[in-house]
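> Data: data-v2.txt, compact mmCIF, C-alpha atoms.
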# COMPACT_ATOMS: atom_id res chain seq x y z
CA MET U 1 -49.54 13.24 17.60
CA TYR U 2 -51.97 10.62 16.32
CA ARG U 3 -54.01 10.72 19.54
CA GLU U 4 -54.27 14.49 19.16
CA LEU U 5 -55.44 14.09 15.59
CA LEU U 6 -58.07 11.60 16.66
CA LEU U 7 -59.48 13.70 19.45
CA PHE U 8 -59.09 17.21 18.12
CA LYS U 9 -58.90 17.17 14.32
CA CYS U 10 -61.83 19.10 12.89
CA VAL U 11 -63.69 16.69 10.61
CA ARG U 12 -67.15 16.14 9.24
CA ASP U 13 -69.46 15.12 12.05
CA ARG U 14 -71.27 11.87 11.28
CA ILE U 15 -73.82 12.39 14.08
CA GLN U 16 -76.79 14.33 12.76
CA VAL U 17 -78.80 16.20 15.40
CA LYS U 18 -82.31 17.40 14.64
CA LYS U 19 -82.87 20.70 16.35
CA GLY U 20 -86.65 20.82 16.47
CA PRO U 21 -90.00 20.12 14.82
CA GLU U 22 -89.09 22.35 11.92
CA ASP U 23 -86.58 19.71 10.82
CA ASP U 24 -89.12 16.88 10.60
CA ASP U 25 -88.91 16.67 6.83
CA ASP U 26 -85.13 16.38 6.59
CA ILE U 27 -83.52 13.25 5.19
CA TYR U 28 -82.35 12.15 8.63
CA SER U 29 -85.82 11.99 10.14
CA TYR U 30 -87.11 8.82 11.75
CA ARG U 31 -89.62 7.67 9.15
CA SER U 32 -91.05 4.54 10.69
CA ARG U 33 -91.24 2.83 14.07
CA SER U 34 -91.86 -0.64 12.68
CA LYS U 35 -89.35 -3.32 13.70
CA VAL U 36 -86.54 -3.74 11.22
CA ASN U 37 -85.16 -7.25 10.88
CA THR U 38 -82.37 -7.11 8.30
CA VAL U 39 -79.40 -4.92 7.52
CA LEU U 40 -80.86 -4.05 4.13
CA ASP U 41 -84.27 -3.09 5.58
CA PHE U 42 -82.53 -1.01 8.23
CA ALA U 43 -80.39 0.84 5.69
CA GLN U 44 -83.48 1.63 3.64
CA GLU U 45 -85.52 2.68 6.67
CA PHE U 46 -83.00 4.99 8.30
CA GLU U 47 -79.98 7.12 7.61
CA VAL U 48 -77.45 4.79 9.23
CA ILE U 49 -75.02 7.07 10.99
CA LEU U 50 -72.81 4.60 12.85
CA ASN U 51 -73.05 2.40 9.78
CA SER U 52 -72.78 -1.26 10.73
CA GLU U 53 -73.45 -2.97 7.43
CA PRO U 54 -70.88 -5.70 6.66
CA ASP U 55 -69.95 -3.95 3.41
CA ALA U 56 -69.80 -0.49 5.01
CA GLY U 57 -66.01 -0.55 5.19
CA TYR U 58 -63.53 1.55 7.12
CA TYR U 59 -64.21 5.26 7.68
CA GLY U 60 -61.39 7.72 8.24
CA GLU U 61 -61.41 10.70 10.58
CA ASP U 62 -63.23 12.73 7.92
CA GLY U 63 -66.15 10.30 8.03
CA LYS U 64 -65.50 9.03 4.51
CA THR U 65 -64.39 5.63 3.29
CA TYR U 66 -60.63 5.58 3.46
CA GLU U 67 -58.27 5.11 0.51
CA LEU U 68 -54.84 3.85 1.44
CA ASP U 69 -51.95 6.00 0.23
CA LEU U 70 -50.13 3.00 -1.22
CA VAL U 71 -53.18 1.85 -3.16
CA GLY U 72 -53.55 5.29 -4.70
CA LYS U 73 -49.88 5.24 -5.77
CA ILE U 74 -50.16 1.74 -7.25
CA LYS U 75 -53.23 2.74 -9.26
CA GLN U 76 -51.38 5.75 -10.59
CA GLN U 77 -48.34 3.67 -11.50
CA LEU U 78 -50.44 1.10 -13.35
CA SER U 79 -52.30 3.78 -15.29
CA ASN U 80 -49.00 5.45 -16.32
CA ASP U 81 -47.18 2.23 -17.17
CA PRO U 82 -46.97 1.95 -21.01
CA THR U 83 -46.19 -1.77 -20.73
CA PHE U 84 -49.30 -2.53 -18.71
CA HIS U 85 -52.15 -3.72 -20.91
CA PRO U 86 -55.22 -4.72 -18.89
CA GLU U 87 -57.10 -7.67 -20.30
CA TYR U 88 -60.02 -9.79 -19.22
CA PRO U 89 -58.82 -12.45 -16.76
CA SER U 90 -59.79 -16.09 -17.18
CA SER U 91 -63.02 -17.25 -15.58
CA LEU U 92 -61.08 -18.33 -12.48
CA GLY U 93 -59.29 -14.98 -12.21
CA LEU U 94 -55.84 -13.47 -12.51
CA ARG U 95 -53.28 -16.20 -11.86
CA GLU U 96 -50.90 -13.96 -9.88
CA PHE U 97 -53.74 -12.63 -7.76
CA THR U 98 -55.05 -16.10 -6.87
CA ARG U 99 -51.51 -17.24 -6.04
CA GLN U 100 -50.88 -14.28 -3.75
CA ALA U 101 -54.33 -14.47 -2.15
CA THR U 102 -53.79 -18.15 -1.41
CA GLU U 103 -50.35 -17.60 0.09
CA VAL U 104 -51.41 -14.68 2.29
CA ALA U 105 -54.14 -16.86 3.83
CA LEU U 106 -52.27 -20.15 4.12
CA GLY U 107 -48.61 -19.11 4.23
CA LYS U 108 -46.01 -19.77 1.53
CA SER U 109 -44.85 -22.98 3.23
CA SER U 110 -48.39 -24.35 3.51
CA PRO U 111 -48.50 -28.14 3.08
CA SER U 112 -51.70 -27.75 1.06
CA ILE U 113 -49.89 -25.51 -1.46
CA LEU U 114 -46.80 -27.70 -1.58
CA GLU U 115 -48.94 -30.80 -2.18
CA ASN U 116 -50.96 -29.02 -4.90
CA ARG U 117 -54.36 -29.61 -3.34
CA VAL U 118 -55.59 -26.01 -3.16
CA LEU U 119 -57.87 -24.29 -5.64
CA GLY U 120 -58.08 -20.49 -5.60
CA VAL U 121 -60.75 -18.63 -7.56
CA GLN U 122 -61.04 -14.85 -7.92
CA THR U 123 -64.57 -13.58 -7.36
CA PRO U 124 -66.31 -10.19 -7.72
CA GLY U 125 -66.45 -9.58 -3.99
CA PHE U 126 -66.85 -11.44 -0.71
CA ILE U 127 -70.48 -12.51 -1.10
CA ALA U 128 -69.66 -13.90 -4.56
CA ALA U 129 -66.96 -16.05 -2.94
CA VAL U 130 -69.52 -17.38 -0.46
CA ARG U 131 -71.96 -18.08 -3.30
CA LEU U 132 -69.37 -19.99 -5.31
CA GLY U 133 -68.45 -22.01 -2.23
CA ALA U 134 -72.13 -22.79 -1.65
CA GLU U 135 -72.47 -24.01 -5.24
CA LEU U 136 -69.39 -26.21 -4.93
CA LEU U 137 -70.65 -27.64 -1.65
CA LYS U 138 -73.48 -29.35 -3.52
CA HIS U 139 -70.92 -31.38 -5.50
CA TRP U 140 -68.40 -31.84 -2.70
CA TYR U 141 -68.95 -35.54 -1.99
CA ASP U 142 -67.97 -37.57 -5.05
CA GLY U 143 -70.59 -35.85 -7.16
CA ALA U 144 -73.40 -37.00 -4.89
CA ALA U 145 -76.26 -34.57 -4.37
CA TRP U 146 -75.82 -32.62 -1.14
CA CYS U 147 -78.36 -30.13 0.17
CA GLY U 148 -77.25 -29.30 3.67
CA PRO U 149 -77.55 -28.54 6.40
CA VAL U 150 -75.48 -25.37 6.65
CA TYR U 151 -74.92 -24.00 10.14
CA LEU U 152 -74.65 -20.23 10.56
CA ALA U 153 -73.67 -18.33 13.69
CA SER U 154 -76.32 -16.60 15.75
CA PRO U 155 -75.89 -13.71 15.18
CA CYS U 156 -74.25 -13.29 11.77
CA ASP U 157 -74.62 -11.31 8.55
CA ASP U 158 -78.28 -11.80 7.61
CA SER U 159 -77.44 -12.00 3.92
CA LEU U 160 -75.53 -15.28 4.32
CA ALA U 161 -78.67 -17.41 4.65
CA GLY U 162 -80.01 -15.90 1.43
CA VAL U 163 -76.77 -16.66 -0.40
CA PHE U 164 -76.91 -20.36 0.49
CA ARG U 165 -80.60 -20.54 -0.37
CA ALA U 166 -79.94 -18.93 -3.74
CA ALA U 167 -77.51 -21.79 -4.37
CA GLY U 168 -80.31 -24.29 -3.70
CA ILE U 169 -79.40 -25.14 -0.09
CA GLN U 170 -82.60 -24.69 1.89
CA ASP U 171 -81.64 -26.45 5.14
CA ILE U 172 -80.15 -23.53 7.07
CA ARG U 173 -79.66 -23.96 10.81
CA ARG U 174 -78.11 -21.87 13.57
CA TYR U 175 -75.53 -22.47 16.25
CA CYS U 176 -75.21 -20.23 19.29
CA TYR U 177 -72.22 -17.90 19.14
CA TRP U 178 -72.94 -14.82 21.25
CA ASP U 179 -74.01 -14.59 24.90
CA ASP U 180 -75.87 -11.32 25.50
CA LYS U 181 -75.50 -11.48 29.27
CA ARG U 182 -71.75 -12.14 29.27
CA ARG U 183 -71.26 -10.06 26.13
CA GLY U 184 -68.89 -12.62 24.71
CA VAL U 185 -68.62 -15.91 22.85
CA CYS U 186 -70.70 -18.73 24.29
CA LEU U 187 -68.37 -21.69 23.63
CA GLU U 188 -70.35 -24.24 25.62
CA ARG U 189 -73.55 -23.84 23.63
CA LEU U 190 -71.62 -23.55 20.37
CA LEU U 191 -70.02 -26.95 20.99
CA GLU U 192 -73.36 -28.46 22.00
CA ASP U 193 -74.99 -27.28 18.78
CA LEU U 194 -72.17 -28.59 16.58
CA GLU U 195 -72.09 -31.89 18.45
CA ARG U 196 -75.69 -32.43 17.35
CA ALA U 197 -75.02 -31.45 13.74
CA PRO U 198 -75.45 -34.27 11.20
CA GLU U 199 -72.35 -35.65 9.55
CA ARG U 200 -71.23 -33.69 6.47
CA SER U 201 -72.88 -30.50 7.70
CA ALA U 202 -71.14 -27.29 6.61
CA VAL U 203 -70.27 -24.94 9.47
CA VAL U 204 -69.75 -21.27 8.61
CA LEU U 205 -67.25 -19.69 11.02
CA SER U 206 -65.52 -16.31 11.00
CA ALA U 207 -61.75 -16.69 11.08
CA SER U 208 -61.38 -13.18 12.52
CA ALA U 209 -63.43 -10.03 13.20
CA GLN U 210 -66.74 -11.88 13.49
CA TYR U 211 -69.62 -9.81 12.15
CA PRO U 212 -71.56 -8.27 13.81
CA THR U 213 -70.16 -8.95 17.30
CA GLY U 214 -66.46 -8.27 16.78
CA ALA U 215 -65.83 -11.12 19.27
CA ASP U 216 -63.40 -13.79 18.08
CA LEU U 217 -62.60 -17.29 19.22
CA SER U 218 -59.25 -17.77 20.96
CA GLN U 219 -56.68 -20.16 19.52
CA ASN U 220 -57.46 -22.67 22.27
CA GLN U 221 -61.16 -22.47 21.44
CA TRP U 222 -60.38 -22.96 17.76
CA ALA U 223 -58.36 -26.06 18.60
CA VAL U 224 -61.34 -27.57 20.44
CA ILE U 225 -63.79 -26.71 17.64
CA THR U 226 -61.44 -28.04 14.95
CA GLN U 227 -61.14 -31.36 16.77
CA LEU U 228 -64.91 -31.60 17.02
CA MET U 229 -65.41 -30.87 13.31
CA ALA U 230 -62.79 -33.44 12.32
CA ARG U 231 -64.32 -36.09 14.59
CA ARG U 232 -67.88 -35.40 13.46
CA GLY U 233 -67.04 -35.13 9.75
CA LEU U 234 -68.17 -31.50 9.46
CA VAL U 235 -66.98 -29.16 6.70
CA PRO U 236 -65.55 -25.80 7.84
CA PHE U 237 -66.62 -22.85 5.68
CA LEU U 238 -64.41 -20.06 6.97
CA LEU U 239 -64.91 -16.33 6.43
CA LEU U 240 -61.95 -13.97 6.13
CA PRO U 241 -63.51 -10.68 4.98
CA ALA U 242 -60.77 -8.27 6.06
CA GLN U 243 -57.47 -10.01 6.80
CA GLY U 244 -55.25 -7.76 8.89
CA LEU U 245 -58.01 -5.42 10.06
CA CYS U 246 -58.73 -7.35 13.25
CA TYR U 247 -55.33 -7.56 14.95
CA GLY U 248 -53.18 -5.64 12.50
CA ASP U 249 -51.30 -8.87 11.86
CA LEU U 250 -51.87 -10.91 8.68
CA GLN U 251 -50.68 -14.16 10.23
CA ARG U 252 -52.73 -13.83 13.40
CA ASP U 253 -55.91 -12.98 11.50
CA ALA U 254 -55.46 -16.04 9.27
CA TRP U 255 -54.35 -18.42 12.03
CA PRO U 256 -57.68 -20.32 12.19
CA VAL U 257 -57.48 -21.07 8.45
CA GLN U 258 -53.91 -22.27 8.76
CA HIS U 259 -54.72 -24.36 11.82
CA CYS U 260 -57.66 -26.11 10.14
CA GLN U 261 -55.59 -26.96 7.08
CA SER U 262 -52.75 -28.26 9.30
CA GLN U 263 -55.20 -30.81 10.71
CA GLY U 264 -55.81 -32.24 7.24
CA ILE U 265 -59.41 -31.00 7.07
CA GLN U 266 -60.89 -30.12 3.68
CA LEU U 267 -62.47 -26.70 3.84
CA PHE U 268 -63.66 -23.56 2.09
CA CYS U 269 -62.47 -20.05 2.87
CA ALA U 270 -64.11 -16.91 1.46
CA GLN U 271 -61.79 -13.88 1.38
CA SER U 272 -62.23 -10.21 0.60
CA PHE U 273 -59.61 -7.54 -0.05
CA SER U 274 -62.00 -4.60 -0.37
CA HIS U 275 -61.83 -3.37 3.24
CA CYS U 276 -58.14 -3.94 3.91
CA PHE U 277 -57.11 -2.32 0.60
CA GLY U 278 -59.81 0.37 0.49
CA LEU U 279 -61.09 -0.99 -2.86
CA TYR U 280 -64.77 -0.31 -2.21
CA GLY U 281 -65.74 0.36 -5.79
CA GLU U 282 -63.78 -2.60 -7.12
CA ALA U 283 -65.06 -5.67 -5.29
CA VAL U 284 -62.13 -8.06 -4.95
CA GLY U 285 -62.96 -11.46 -3.49
CA HIS U 286 -61.40 -14.90 -3.50
CA LEU U 287 -62.49 -18.45 -2.67
CA LEU U 288 -60.08 -21.06 -1.35
CA CYS U 289 -60.90 -24.75 -1.59
CA ILE U 290 -58.53 -27.02 0.33
CA LEU U 291 -58.86 -30.65 -0.70
CA LYS U 292 -57.76 -33.81 1.07
CA GLN U 293 -55.88 -35.06 -2.00
CA ASN U 294 -54.65 -33.45 -5.20
CA SER U 295 -56.35 -36.07 -7.38
CA LEU U 296 -59.58 -34.15 -6.82
CA LEU U 297 -58.18 -30.80 -7.96
CA LEU U 298 -58.95 -31.07 -11.67
CA SER U 299 -62.57 -32.14 -11.16
CA VAL U 300 -63.23 -29.38 -8.61
CA LYS U 301 -61.54 -26.83 -10.89
CA SER U 302 -63.69 -27.94 -13.81
CA GLN U 303 -66.84 -27.68 -11.70
CA ALA U 304 -65.84 -24.20 -10.50
CA ASP U 305 -65.24 -23.08 -14.09
CA LYS U 306 -68.74 -24.19 -15.12
CA ILE U 307 -70.37 -22.46 -12.15
CA VAL U 308 -68.45 -19.20 -12.65
CA SER U 309 -69.38 -19.13 -16.34
CA SER U 310 -73.05 -19.18 -15.41
CA LEU U 311 -72.76 -16.61 -12.60
CA TRP U 312 -70.41 -13.84 -13.74
CA ALA U 313 -68.19 -15.15 -16.58
CA GLN U 314 -65.08 -13.15 -15.58
CA PRO U 315 -64.23 -11.11 -12.50
CA SER U 316 -62.95 -7.55 -12.93
CA ALA U 317 -59.20 -7.13 -13.15
CA GLY U 318 -58.47 -3.63 -11.80
CA GLY U 319 -58.59 -4.21 -8.07
CA ALA U 320 -57.01 -7.66 -8.39
CA HIS U 321 -54.01 -6.13 -10.19
CA VAL U 322 -53.53 -3.71 -7.29
CA VAL U 323 -53.71 -6.46 -4.67
CA ALA U 324 -51.35 -8.73 -6.60
CA THR U 325 -48.87 -5.88 -7.11
CA VAL U 326 -48.76 -5.11 -3.39
CA LEU U 327 -48.60 -8.69 -2.13
CA SER U 328 -45.89 -9.71 -4.60
CA ASN U 329 -43.53 -6.84 -3.70
CA SER U 330 -41.83 -7.00 -0.29
CA ALA U 331 -41.45 -3.20 0.01
CA HIS U 332 -45.09 -2.61 -0.93
CA LEU U 333 -46.17 -5.34 1.46
CA VAL U 334 -44.39 -3.71 4.40
CA GLU U 335 -45.90 -0.31 3.56
CA TRP U 336 -49.38 -1.78 3.19
CA GLN U 337 -49.13 -3.64 6.50
CA GLY U 338 -48.09 -0.38 8.15
CA GLU U 339 -51.18 1.42 6.85
CA VAL U 340 -53.45 -1.44 7.91
CA LYS U 341 -51.90 -1.46 11.37
CA HIS U 342 -52.53 2.29 11.63
CA MET U 343 -56.22 1.71 10.84
CA VAL U 344 -56.46 -1.04 13.48
CA GLU U 345 -54.72 1.10 16.12
CA ARG U 346 -57.17 3.92 15.47
CA CYS U 347 -60.15 1.59 16.02
CA MET U 348 -58.52 0.21 19.17
CA LEU U 349 -57.98 3.73 20.46
CA ILE U 350 -61.61 4.67 19.76
CA ARG U 351 -62.73 1.60 21.71
CA ALA U 352 -60.49 2.47 24.66
CA VAL U 353 -61.50 6.13 24.76
CA LEU U 354 -65.22 5.29 24.46
CA ARG U 355 -64.95 2.79 27.31
CA GLU U 356 -63.13 5.34 29.47
CA LYS U 357 -65.70 8.04 28.75
CA LEU U 358 -68.52 5.69 29.75
CA ARG U 359 -66.64 4.92 32.98
CA LEU U 360 -66.19 8.61 33.77
CA LEU U 361 -69.88 9.23 33.09
CA GLY U 362 -70.74 6.49 35.56
CA THR U 363 -72.65 4.47 32.96
CA PRO U 364 -74.08 1.35 34.65
CA GLY U 365 -72.70 -2.02 33.61
CA CYS U 366 -69.33 -3.35 32.55
CA TRP U 367 -67.98 -2.05 29.24
CA ASN U 368 -64.76 -4.04 29.04
CA HIS U 369 -66.17 -5.94 26.07
CA LEU U 370 -65.61 -2.82 23.93
CA THR U 371 -61.85 -3.38 24.08
CA GLN U 372 -62.01 -7.17 24.22
CA GLN U 373 -63.60 -7.27 20.76
CA GLY U 374 -61.62 -6.51 17.61
CA GLY U 375 -62.00 -5.37 14.03
CA LEU U 376 -64.32 -2.75 12.61
CA PHE U 377 -67.53 -3.91 14.23
CA CYS U 378 -68.70 -3.89 17.81
CA CYS U 379 -71.66 -5.38 19.65
CA THR U 380 -72.44 -2.79 22.31
CA GLY U 381 -74.84 -4.98 24.29
CA LEU U 382 -77.59 -2.37 24.13
CA ASN U 383 -81.10 -3.80 24.00
CA ASP U 384 -83.96 -2.95 21.63
CA HIS U 385 -85.37 -0.21 23.87
CA GLN U 386 -81.99 1.45 24.31
CA VAL U 387 -81.31 1.37 20.56
CA GLU U 388 -84.73 2.87 19.94
CA PHE U 389 -84.00 5.59 22.52
CA LEU U 390 -80.78 6.45 20.67
CA SER U 391 -82.55 6.83 17.34
CA ASN U 392 -85.67 8.62 18.64
CA ARG U 393 -84.17 10.92 21.23
CA ARG U 394 -80.53 11.34 20.25
CA HIS U 395 -80.58 10.58 16.52
CA VAL U 396 -77.70 8.14 16.81
CA TYR U 397 -78.50 5.20 14.57
CA LEU U 398 -77.28 1.68 15.25
CA LEU U 399 -78.60 -1.64 14.02
CA PRO U 400 -81.49 -3.03 16.10
CA SER U 401 -79.03 -5.57 17.52
CA GLY U 402 -77.00 -2.73 19.03
CA CYS U 403 -74.03 -3.21 16.70
CA LEU U 404 -72.00 -0.41 15.16
CA ASN U 405 -68.97 0.30 13.02
CA MET U 406 -66.26 1.65 15.35
CA SER U 407 -64.47 3.55 12.58
CA ALA U 408 -67.57 5.73 12.07
CA ILE U 409 -66.85 7.28 15.47
CA ASN U 410 -64.35 10.09 15.25
CA GLY U 411 -62.84 12.86 17.37
CA ARG U 412 -65.73 15.21 16.60
CA ASN U 413 -68.63 12.94 17.56
CA LEU U 414 -67.04 10.72 20.21
CA ASP U 415 -68.30 12.74 23.21
CA TYR U 416 -71.82 12.85 21.83
CA VAL U 417 -71.88 9.10 21.21
CA ALA U 418 -70.68 8.37 24.76
CA GLU U 419 -73.22 10.75 26.32
CA SER U 420 -76.00 9.26 24.19
CA ILE U 421 -75.16 5.69 25.23
CA HIS U 422 -75.06 6.81 28.87
CA LEU U 423 -78.48 8.40 28.59
CA ALA U 424 -79.92 5.36 26.78
CA VAL U 425 -78.74 3.05 29.57
CA THR U 426 -79.71 5.24 32.52
CA THR U 427 -83.08 6.32 31.09
CA SER U 428 -84.12 2.69 30.52
CA LEU U 429 -83.39 1.65 34.14
Starting from the file, lay out its structure as structure tokens.


Amino acid sequence: MYRELLLFKCVRDRIQVKKGPEDDDDIYSYRSRSKVNTVLDFAQEFEVILNSEPDAGYYGEDGKTYELDLVGKIKQQLSNDPTFHPEYPSSLGLREFTRQATEVALGKSSPSILENRVLGVQTPGFIAAVRLGAELLKHWYDGAAWCGPVYLASPCDDSLAGVFRAAGIQDIRRYCYWDDKRRGVCLERLLEDLERAPERSAVVLSASAQYPTGADLSQNQWAVITQLMARRGLVPFLLLPAQGLCYGDLQRDAWPVQHCQSQGIQLFCAQSFSHCFGLYGEAVGHLLCILKQNSLLLSVKSQADKIVSSLWAQPSAGGAHVVATVLSNSAHLVEWQGEVKHMVERCMLIRAVLREKLRLLGTPGCWNHLTQQGGLFCCTGLNDHQVEFLSNRRHVYLLPSGCLNMSAINGRNLDYVAESIHLAVTTSL
């Protein structure tokens, strides 16, 4: 039944087709042919149809951001509960939320939790968690001034470099992550780049659903990288922006975080619950700091409190209450995981059907990477000319890198997207 809904349900078509010159003034028109370098510039320059921005979220079959049924019920229950009196949380956030967010990432039996050497701080969104981590990095080594370098993946979310620079860290470097020719992770060059990194460098790595490629490291690859970072004295700064939305399994998505902490490595982990809970208007983020010893906890907590007071004072409570309510109730947790798994299965099905349609069309090249990647985002492997062909001739808008949000494809526009990609590839030969 679900496959039928995906392929045949009549929903709003997110592919806009211009029918002729008379439509040149509509809001979907291509307004400039200048090269666009950032996600923000691209969003301003075009109507992004297959929206690939990192904060774009999950789209349902109707082409709209999706609200989970359970989340809607929890909101209603909280609003109707006469005993519930929302108040401003402390500067470090709602205590129950930070406890649940920490446990869902590390596991309830985590040695870091049991040894009381974990600090969790609620933040107003994912980027705020990264910013707080960047600020704390500067005071990470016994109060000594630290200014980098920070290593970011190539490619990654373009806004990350700006976040670290805003925190006063100007030494931003890149390590190779993606191989365009193989359309997969380039482990050899990644290890070479990190091997050359100076001691105490911070390395930003996606724990799951790497943006924008959708290609993740295997557990064996993580084991090799973790050993290298421990040996070289590097600081992992892990990103977990949508736990559960990569594999549909909370534990599997968080495995890299749990593995790093099991090796006794101090690290940061920025989390977001906006995508996986459908809380797009209520940015709910969290920063984890795992320390080597609990004697450092009070000083790091004090430093975090000072930084938060100067950045946003208090995070909002609404979305955090919803997340805490779900994660602390076993029945709610099971229901939420079921909804998340449904979202993941839909994206996996879209990937499989798109790959099959490209095969049936005889599209040149291998498209297995579409189903080998995971999460919301996908790196198609299309080059600049092919992406430009899609926007100019077919009015299908991707990022210049060829990345797209898989959930923006639905049963109504799937055929058109596949045909457009086929034409882009064959026309450019």

> Identify which of the residues U:Phe277, U:Tyr58, U:Trp222, U:Tyr88 lies closest to Gly338 (chain U), counting all atoms listed in the file when measuring atom-to-atom distances.

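Closest to Gly338 (chain U) of all the choices is U:Phe277.
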
> Tell me, as a PyMOL selection string, which residues lie within 10 Å of region 240-251 of chain U, counting all atoms listed in the file; anything in the same chain fewer than 5 positions away does not count.

chain U and resi 54-55+57-58+104-107+125-127+205-211+214+216+256-258+269-277+285-287+337-345+347-348+373-377

> Write out as a list in words the residues lying within 8 Å of region 390-393 of chain U, counting all atoms listed in the file and excluding same-chain residues fewer than 2 positions away.

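Residues near the query, excluding close chain neighbours: Tyr30, Gln386, Val387, Glu388, His395, Val396, Tyr397, Leu398, Ser420, Ile421 and Ala424 of chain U.
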
> Check the smallest atom-to-atom distance from each of U:Glu195, U:Asp69, U:Trp255, U:Pro149 to Ala223 (chain U) using only C-alpha atoms, then report the winner.

U:Trp255

> Pick out the residues sitting within 10 Å of Glu87 (chain U), and hand them over as a ChimeraX atom specification; count only C-alpha atoms, and ignore anything fewer than 6 positions along from it in its own chain.

/U:94,316-318

> So the first atom is CA of Ser299 (chain U) and the second is CA of Leu132 (chain U); what is the distance between them in Å, to one decimal place?

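We find that CA of Ser299 (chain U) and CA of Leu132 (chain U) lie 15.1 Å from each other.
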